[in-house]
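What follows is the content of data.pdb, which has PDB, C-alpha atoms:
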MODEL        1
ATOM      1  CA  ILE A  17      87.247 162.233  88.314
ATOM      2  CA  GLU A  18      84.534 162.105  90.963
ATOM      3  CA  HIS A  19      83.020 158.643  90.417
ATOM      4  CA  ILE A  20      84.235 155.547  88.618
ATOM      5  CA  SER A  21      82.821 152.038  88.267
ATOM      6  CA  SER A  22      83.611 149.003  86.128
ATOM      7  CA  GLY A  23      81.476 146.040  85.088
ATOM      8  CA  ASN A  24      82.565 142.874  83.317
ATOM      9  CA  HIS A  25      84.208 144.721  80.430
ATOM     10  CA  HIS A  26      83.021 148.339  80.623
ATOM     11  CA  THR A  27      83.729 151.456  82.672
ATOM     12  CA  ILE A  28      81.780 154.611  83.482
ATOM     13  CA  LEU A  29      83.255 157.673  85.146
ATOM     14  CA  SER A  30      82.075 161.171  85.966
ATOM     15  CA  LYS A  31      84.182 164.289  85.961
ATOM     16  CA  SER A  32      83.892 167.289  88.271
ATOM     17  CA  ASN A  33      82.413 169.372  85.428
ATOM     18  CA  GLY A  34      79.430 166.964  85.184
ATOM     19  CA  ASP A  35      80.586 165.035  82.101
ATOM     20  CA  ILE A  36      79.965 161.277  82.139
ATOM     21  CA  LEU A  37      82.407 159.202  80.084
ATOM     22  CA  VAL A  38      81.803 155.591  79.076
ATOM     23  CA  PHE A  39      83.978 153.006  77.352
ATOM     24  CA  GLY A  40      84.453 149.281  76.843
ATOM     25  CA  LYS A  41      82.210 146.435  75.747
ATOM     26  CA  ASN A  42      78.688 147.494  74.799
ATOM     27  CA  SER A  43      77.038 144.348  73.422
ATOM     28  CA  TYR A  44      73.994 144.801  75.705
ATOM     29  CA  GLY A  45      73.841 148.609  75.574
ATOM     30  CA  GLN A  46      75.492 148.872  78.992
ATOM     31  CA  LEU A  47      77.192 152.144  77.986
ATOM     32  CA  GLY A  48      73.838 153.900  77.592
ATOM     33  CA  LEU A  49      74.635 155.205  74.101
ATOM     34  CA  SER A  50      71.559 153.756  72.333
ATOM     35  CA  ASP A  51      73.613 151.282  70.311
ATOM     36  CA  ASN A  52      75.637 148.119  70.785
ATOM     37  CA  ASP A  53      78.998 149.318  69.436
ATOM     38  CA  ASN A  54      82.043 148.743  71.634
ATOM     39  CA  ARG A  55      83.981 151.905  72.537
ATOM     40  CA  TYR A  56      87.757 151.772  72.784
ATOM     41  CA  ASN A  57      88.057 155.452  73.727
ATOM     42  CA  PRO A  58      85.931 157.337  76.258
ATOM     43  CA  SER A  59      82.643 158.635  74.807
ATOM     44  CA  LEU A  60      80.456 161.334  76.325
ATOM     45  CA  LEU A  61      77.163 160.015  77.706
ATOM     46  CA  LYS A  62      74.318 162.504  77.416
ATOM     47  CA  ILE A  63      71.483 162.004  79.871
ATOM     48  CA  CYS A  64      68.591 164.453  80.132
ATOM     49  CA  ASN A  65      69.153 167.103  82.790
ATOM     50  CA  THR A  66      72.790 166.237  83.423
ATOM     51  CA  THR A  67      73.136 169.271  85.690
ATOM     52  CA  LYS A  68      71.964 167.001  88.526
ATOM     53  CA  GLU A  69      74.580 165.922  91.026
ATOM     54  CA  ILE A  70      75.552 162.277  90.721
ATOM     55  CA  LYS A  71      75.229 160.246  93.889
ATOM     56  CA  ASN A  72      76.619 156.951  92.609
ATOM     57  CA  ILE A  73      77.601 154.979  89.507
ATOM     58  CA  ILE A  74      77.265 151.211  89.618
ATOM     59  CA  CYS A  75      78.443 148.844  86.874
ATOM     60  CA  VAL A  76      77.770 145.172  87.515
ATOM     61  CA  GLY A  77      78.055 142.427  84.941
ATOM     62  CA  ASP A  78      76.661 143.823  81.703
ATOM     63  CA  HIS A  79      74.442 146.581  83.078
ATOM     64  CA  SER A  80      74.888 150.039  84.585
ATOM     65  CA  ILE A  81      73.007 152.305  86.984
ATOM     66  CA  ILE A  82      73.558 156.010  87.602
ATOM     67  CA  SER A  83      71.769 157.566  90.569
ATOM     68  CA  TYR A  84      71.468 161.255  91.288
ATOM     69  CA  LYS A  85      71.139 163.133  94.571
ATOM     70  CA  ASN A  86      67.631 164.244  93.549
ATOM     71  CA  LYS A  87      66.653 160.521  93.574
ATOM     72  CA  HIS A  88      66.458 160.058  89.775
ATOM     73  CA  VAL A  89      67.922 156.760  88.586
ATOM     74  CA  TYR A  90      68.988 155.726  85.075
ATOM     75  CA  GLY A  91      69.693 152.103  84.204
ATOM     76  CA  PHE A  92      70.789 150.460  80.986
ATOM     77  CA  GLY A  93      72.282 147.227  79.673
ATOM     78  CA  ASP A  94      71.412 143.546  80.069
ATOM     79  CA  ASN A  95      68.287 143.494  82.201
TER      80      ASN A  95
ENDMDL
END
Would you encode the structure as structure tokens?
Amino acid sequence: IEHISSGNHHTILSKSNGDILVFGKNSYGQLGLSDNDNRYNPSLLKICNTTKEIKNIICVGDHSIISYKNKHVYGFGDN
């Protein structure tokens, strides 16, 4: 695991192979999976061009932000 962050009731982590795993409460879409289903086991998050190197993962409240070293930023959840 390279990065890990937790919000109110959800967690996002990245692995050294580039995989991003998400789990927990998802009532506002804070897991980035295009639905509002809670996940009790880690699910793979697919973001376009995931070969980018992650700079940081931030989970706060019911939203999430993933930033990459090439300055791209993805955000999802309760705006």
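Of the listed residues (A:Asn72, A:Ser50, A:Asn86, A:Ser21), A:Ser21 comes nearest to A:Leu37; the distances count all atoms listed in the file.
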On this file, the PyMOL selection byres ((chain A and resi 63) around 12) gives some set of residues; write that set as a tab-separated table (two decimals) with C-alpha atoms, in the coordinates of the input.
chain	number	residue	atom	x	y	z
A	34	GLY	CA	79.43	166.96	85.18
A	35	ASP	CA	80.59	165.04	82.10
A	36	ILE	CA	79.96	161.28	82.14
A	37	LEU	CA	82.41	159.20	80.08
A	47	LEU	CA	77.19	152.14	77.99
A	48	GLY	CA	73.84	153.90	77.59
A	49	LEU	CA	74.64	155.21	74.10
A	50	SER	CA	71.56	153.76	72.33
A	60	LEU	CA	80.46	161.33	76.32
A	61	LEU	CA	77.16	160.01	77.71
A	62	LYS	CA	74.32	162.50	77.42
A	64	CYS	CA	68.59	164.45	80.13
A	65	ASN	CA	69.15	167.10	82.79
A	66	THR	CA	72.79	166.24	83.42
A	67	THR	CA	73.14	169.27	85.69
A	68	LYS	CA	71.96	167.00	88.53
A	70	ILE	CA	75.55	162.28	90.72
A	82	ILE	CA	73.56	156.01	87.60
A	83	SER	CA	71.77	157.57	90.57
A	84	TYR	CA	71.47	161.26	91.29
A	88	HIS	CA	66.46	160.06	89.78
A	89	VAL	CA	67.92	156.76	88.59
A	90	TYR	CA	68.99	155.73	85.08
A	91	GLY	CA	69.69	152.10	84.20
A	92	PHE	CA	70.79	150.46	80.99
#### Entry: Near-A:Gly77 list (9 Å; only C-alpha atoms; drop same-chain fewer than 3 positions) as a VMD selection string
chain A and resid 22 to 26 80 94
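When atom CA of A:Ile28 is paired with atom CA of A:Ser59, their separation reads 9.6 Å.
The spacing separating atom CA of A:Ser30 from atom CA of A:Asp53 amounts to 20.6 Å.
The coordinates place atom CA of A:Lys87 at 21.5 Å from atom CA of A:Val38.
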### Query
Residues picked by the PyMOL selection byres ((chain A and resi 44) around 6) here, as number ranges by chain?
A: 42-43, 45-46, 93-94
### Task
Choose the residue, out of A:Asn95, A:Glu69, A:Phe39, A:Ile17, that has the smallest atom-to-atom separation from A:Ile81; count only C-alpha atoms.
A:Asn95
